[in-house]
Amino acid sequence: MTGHTPPQAPCAVLAAFENPRPVNAGGHARVDLPVPVSACPGCEGQGFRRATFENGYVYVRDCEGKAALRRAELYNRSGLPGRYAESSLELFQPHPVSVGAARAVALEFVRAWPAAKAGVVFVGRPGVGKTHLLAGIVRSLTLDKGVPCRYVDFTHLVNDLRAAIGRRSSPAEIVRPLVEVDLLAVDDLGRGLLETDYEASVIDELVSRRYNADRVTLFATNFPDDPAAEPSASRRRETNLSERDVRPRPLAEVVGERVVSRIRQMCRFVEIEAEDFRATAGPRPLRGRPRPARG
Ligand SMILES: [Zn+2]
């Protein structure tokens, strides 16, 4: 085959997705699809286009327009809340060192996909950016790599399970799609306490079925795996709180030892230490910044 570039009509859909911008649409993060996947103007949803070489040979190639539409659709189905529509790993501004390290872990996770076999548990206090990291990973994997992802809030998941149990219907309908998706991101693990052995067994089954199927799971949680390491004595002095007030309960205490030991097999724990972004947002003092030289 000769090395020349075959002449192609540019794909209008692809141009629209050059820089996809998710928005908050009714509480859900969404990319606006200019047309449904089935109506891709380049291929009418077939997924391939006819093209012609300069020498007149006609050949068939994949339609990038349909691929772009499909990625946007994957993002829209991921379940990301609307308030995280603008969260990307590129926009994540790490101040403290450990937050920057967590972002580096997230970027490397995305870069290595699909080779990444271990999941990640982002551990840190509320407001340090854990959800932003999860949302940024889901965004990159769906929009840039076309990976089916699901984001679930642990509290919502537990509430849905309870509702299903209350209706005397099987939780399987809730769990199955979460088992099957390529990447599952579980936010706020442990926020909704598991109250019964049955609830714990459903969560354990979800986690262990994903593990057995070699599927990667991400978590974010306020609860450390090793509570003895928390909190630092300096922080306790600084905030004048008693040890009991500051120390979060260990993760195993809120979701059960069985679930935690499974997660330890599947994931690495990445601790984030930072002040609450929501509390410290706003202009930071410019102390120590060199003054511009005056001419
Ligand atoms: Zn197409």
# chains A, B, ... in the order shown; residues from 1 in each chain; ligands from 1
>>> residues_near_ligand(ligand="ligand 1", cutoff="12 Å", atoms="only C-alpha atoms and all ligand atoms", output="JSON, numbers by chain")
{"A": [9, 10, 11, 12, 13, 14, 35, 36, 37, 38, 39, 40, 41, 42, 43, 44, 45, 46, 47, 48, 49, 50, 60, 61, 62, 63, 64, 65, 66, 67, 68, 69, 70]}
>>> write_last_selection(atoms="N, CA and C atoms", output="JSON list (two decimals), in the first residue's frame")
[["chain", "number", "residue", "atom", "x", "y", "z"],
["A", 9, "ALA", "N", -13.90, 13.07, 3.62],
["A", 9, "ALA", "CA", -14.76, 14.16, 4.07],
["A", 9, "ALA", "C", -14.61, 14.24, 5.59],
["A", 10, "PRO", "N", -14.40, 15.44, 6.12],
["A", 10, "PRO", "CA", -14.28, 15.54, 7.58],
["A", 10, "PRO", "C", -15.59, 15.16, 8.27],
["A", 11, "CYS", "N", -15.46, 14.56, 9.43],
["A", 11, "CYS", "CA", -16.66, 14.09, 10.14],
["A", 11, "CYS", "C", -17.18, 15.21, 11.05],
["A", 12, "ALA", "N", -18.41, 15.63, 10.81],
["A", 12, "ALA", "CA", -18.99, 16.74, 11.57],
["A", 12, "ALA", "C", -19.11, 16.39, 13.06],
["A", 13, "VAL", "N", -19.44, 15.13, 13.34],
["A", 13, "VAL", "CA", -19.60, 14.71, 14.73],
["A", 13, "VAL", "C", -18.27, 14.80, 15.46],
["A", 14, "LEU", "N", -17.22, 14.34, 14.78],
["A", 14, "LEU", "CA", -15.89, 14.34, 15.38],
["A", 14, "LEU", "C", -15.47, 15.77, 15.72],
["A", 35, "VAL", "N", -26.24, 14.27, 17.70],
["A", 35, "VAL", "CA", -27.21, 13.34, 17.09],
["A", 35, "VAL", "C", -27.10, 12.03, 17.86],
["A", 36, "PRO", "N", -28.14, 11.20, 17.85],
["A", 36, "PRO", "CA", -27.99, 9.88, 18.49],
["A", 36, "PRO", "C", -26.99, 9.03, 17.72],
["A", 37, "VAL", "N", -26.43, 8.02, 18.41],
["A", 37, "VAL", "CA", -25.41, 7.17, 17.78],
["A", 37, "VAL", "C", -25.95, 6.57, 16.48],
["A", 38, "SER", "N", -27.25, 6.22, 16.47],
["A", 38, "SER", "CA", -27.83, 5.57, 15.29],
["A", 38, "SER", "C", -27.97, 6.52, 14.11],
["A", 39, "ALA", "N", -27.77, 7.82, 14.36],
["A", 39, "ALA", "CA", -27.94, 8.78, 13.27],
["A", 39, "ALA", "C", -26.64, 9.48, 12.92],
["A", 40, "CYS", "N", -25.50, 8.84, 13.21],
["A", 40, "CYS", "CA", -24.22, 9.44, 12.85],
["A", 40, "CYS", "C", -24.21, 9.78, 11.37],
["A", 41, "PRO", "N", -23.97, 11.06, 11.02],
["A", 41, "PRO", "CA", -24.07, 11.45, 9.61],
["A", 41, "PRO", "C", -23.01, 10.79, 8.74],
["A", 42, "GLY", "N", -21.90, 10.37, 9.33],
["A", 42, "GLY", "CA", -20.85, 9.76, 8.52],
["A", 42, "GLY", "C", -21.20, 8.34, 8.10],
["A", 43, "CYS", "N", -22.00, 7.63, 8.91],
["A", 43, "CYS", "CA", -22.20, 6.19, 8.64],
["A", 43, "CYS", "C", -23.62, 5.74, 8.95],
["A", 44, "GLU", "N", -24.49, 6.69, 9.33],
["A", 44, "GLU", "CA", -25.87, 6.37, 9.72],
["A", 44, "GLU", "C", -25.93, 5.28, 10.78],
["A", 45, "GLY", "N", -24.94, 5.30, 11.66],
["A", 45, "GLY", "CA", -24.95, 4.36, 12.78],
["A", 45, "GLY", "C", -24.35, 3.01, 12.45],
["A", 46, "GLN", "N", -23.88, 2.83, 11.21],
["A", 46, "GLN", "CA", -23.31, 1.52, 10.82],
["A", 46, "GLN", "C", -21.97, 1.28, 11.50],
["A", 47, "GLY", "N", -21.26, 2.36, 11.76],
["A", 47, "GLY", "CA", -19.97, 2.21, 12.42],
["A", 47, "GLY", "C", -18.80, 2.14, 11.45],
["A", 48, "PHE", "N", -19.09, 2.10, 10.16],
["A", 48, "PHE", "CA", -17.99, 2.13, 9.18],
["A", 48, "PHE", "C", -18.36, 3.03, 8.01],
["A", 49, "ARG", "N", -17.35, 3.51, 7.36],
["A", 49, "ARG", "CA", -17.56, 4.42, 6.22],
["A", 49, "ARG", "C", -16.82, 3.89, 5.01],
["A", 50, "ARG", "N", -17.37, 4.19, 3.86],
["A", 50, "ARG", "CA", -16.68, 3.88, 2.62],
["A", 50, "ARG", "C", -15.74, 5.02, 2.29],
["A", 60, "VAL", "N", -13.24, 0.14, 3.22],
["A", 60, "VAL", "CA", -14.14, 0.43, 4.33],
["A", 60, "VAL", "C", -13.29, 0.66, 5.57],
["A", 61, "ARG", "N", -13.63, 1.69, 6.29],
["A", 61, "ARG", "CA", -12.89, 1.94, 7.53],
["A", 61, "ARG", "C", -13.87, 2.29, 8.65],
["A", 62, "ASP", "N", -13.40, 2.22, 9.88],
["A", 62, "ASP", "CA", -14.24, 2.55, 11.02],
["A", 62, "ASP", "C", -14.63, 4.02, 10.98],
["A", 63, "CYS", "N", -15.83, 4.30, 11.46],
["A", 63, "CYS", "CA", -16.29, 5.70, 11.50],
["A", 63, "CYS", "C", -15.90, 6.31, 12.84],
["A", 64, "GLU", "N", -15.04, 7.35, 12.80],
["A", 64, "GLU", "CA", -14.63, 7.99, 14.07],
["A", 64, "GLU", "C", -15.79, 8.73, 14.70],
["A", 65, "GLY", "N", -16.72, 9.19, 13.86],
["A", 65, "GLY", "CA", -17.88, 9.91, 14.39],
["A", 65, "GLY", "C", -18.68, 9.03, 15.33],
["A", 66, "LYS", "N", -18.91, 7.79, 14.90],
["A", 66, "LYS", "CA", -19.68, 6.89, 15.76],
["A", 66, "LYS", "C", -18.91, 6.57, 17.03],
["A", 67, "ALA", "N", -17.60, 6.39, 16.89],
["A", 67, "ALA", "CA", -16.78, 6.10, 18.09],
["A", 67, "ALA", "C", -16.88, 7.26, 19.08],
["A", 68, "ALA", "N", -16.86, 8.50, 18.55],
["A", 68, "ALA", "CA", -16.94, 9.67, 19.44],
["A", 68, "ALA", "C", -18.31, 9.73, 20.12],
["A", 69, "LEU", "N", -19.37, 9.46, 19.36],
["A", 69, "LEU", "CA", -20.72, 9.47, 19.94],
["A", 69, "LEU", "C", -20.84, 8.42, 21.04],
["A", 70, "ARG", "N", -20.24, 7.27, 20.78],
["A", 70, "ARG", "CA", -20.33, 6.16, 21.74],
["A", 70, "ARG", "C", -19.61, 6.52, 23.04]]
>>> residues_around(residues="Leu134 of chain A", least_positions_apart="5", cutoff="12 Å", atoms="only C-alpha atoms", output="MDAnalysis selection string")
chainID A and resid 78:81 84:85 87:89 92 102:103 105:107 109:110 119:123 129 139:141 149:153 183:188 217:221
>>> atom_distance(atom1="atom CA of Lys145 of chain A", atom2="atom CA of Asn19 of chain A")
14.0 Å
>>> select_by_dssp(residues="segment 38-259 of chain A", states="alpha helix (DSSP H)", output="PyMOL selection string")
chain A and resi 64-76+97-112+130-139+154-166+172-180+197-212+233-239+243-246+251-255+257-259
>>> residues_around(residues="Phe154 of chain A", least_positions_apart="3", cutoff="9 Å", atoms="only C-alpha atoms", output="JSON, numbers by chain")
{"A": [157, 158, 159, 186, 187, 188, 189, 190, 191, 192]}
>>> write_last_selection(atoms="C-alpha atoms", output="mmCIF file, in the first residue's frame")
data_model
loop_
_atom_site.group_PDB
_atom_site.id
_atom_site.type_symbol
_atom_site.label_atom_id
_atom_site.label_comp_id
_atom_site.auth_asym_id
_atom_site.auth_seq_id
_atom_site.Cartn_x
_atom_site.Cartn_y
_atom_site.Cartn_z
ATOM 1 C CA LEU A 157 -26.305 2.045 46.672
ATOM 2 C CA VAL A 158 -27.164 0.971 50.221
ATOM 3 C CA ASN A 159 -30.497 2.829 50.048
ATOM 4 C CA VAL A 186 -17.636 3.667 44.576
ATOM 5 C CA ASP A 187 -17.695 7.021 46.336
ATOM 6 C CA ASP A 188 -18.017 7.628 50.081
ATOM 7 C CA LEU A 189 -17.535 3.996 51.053
ATOM 8 C CA GLY A 190 -18.845 3.468 54.575
ATOM 9 C CA ARG A 191 -20.970 6.615 54.711
ATOM 10 C CA GLY A 192 -24.163 4.575 54.758
#
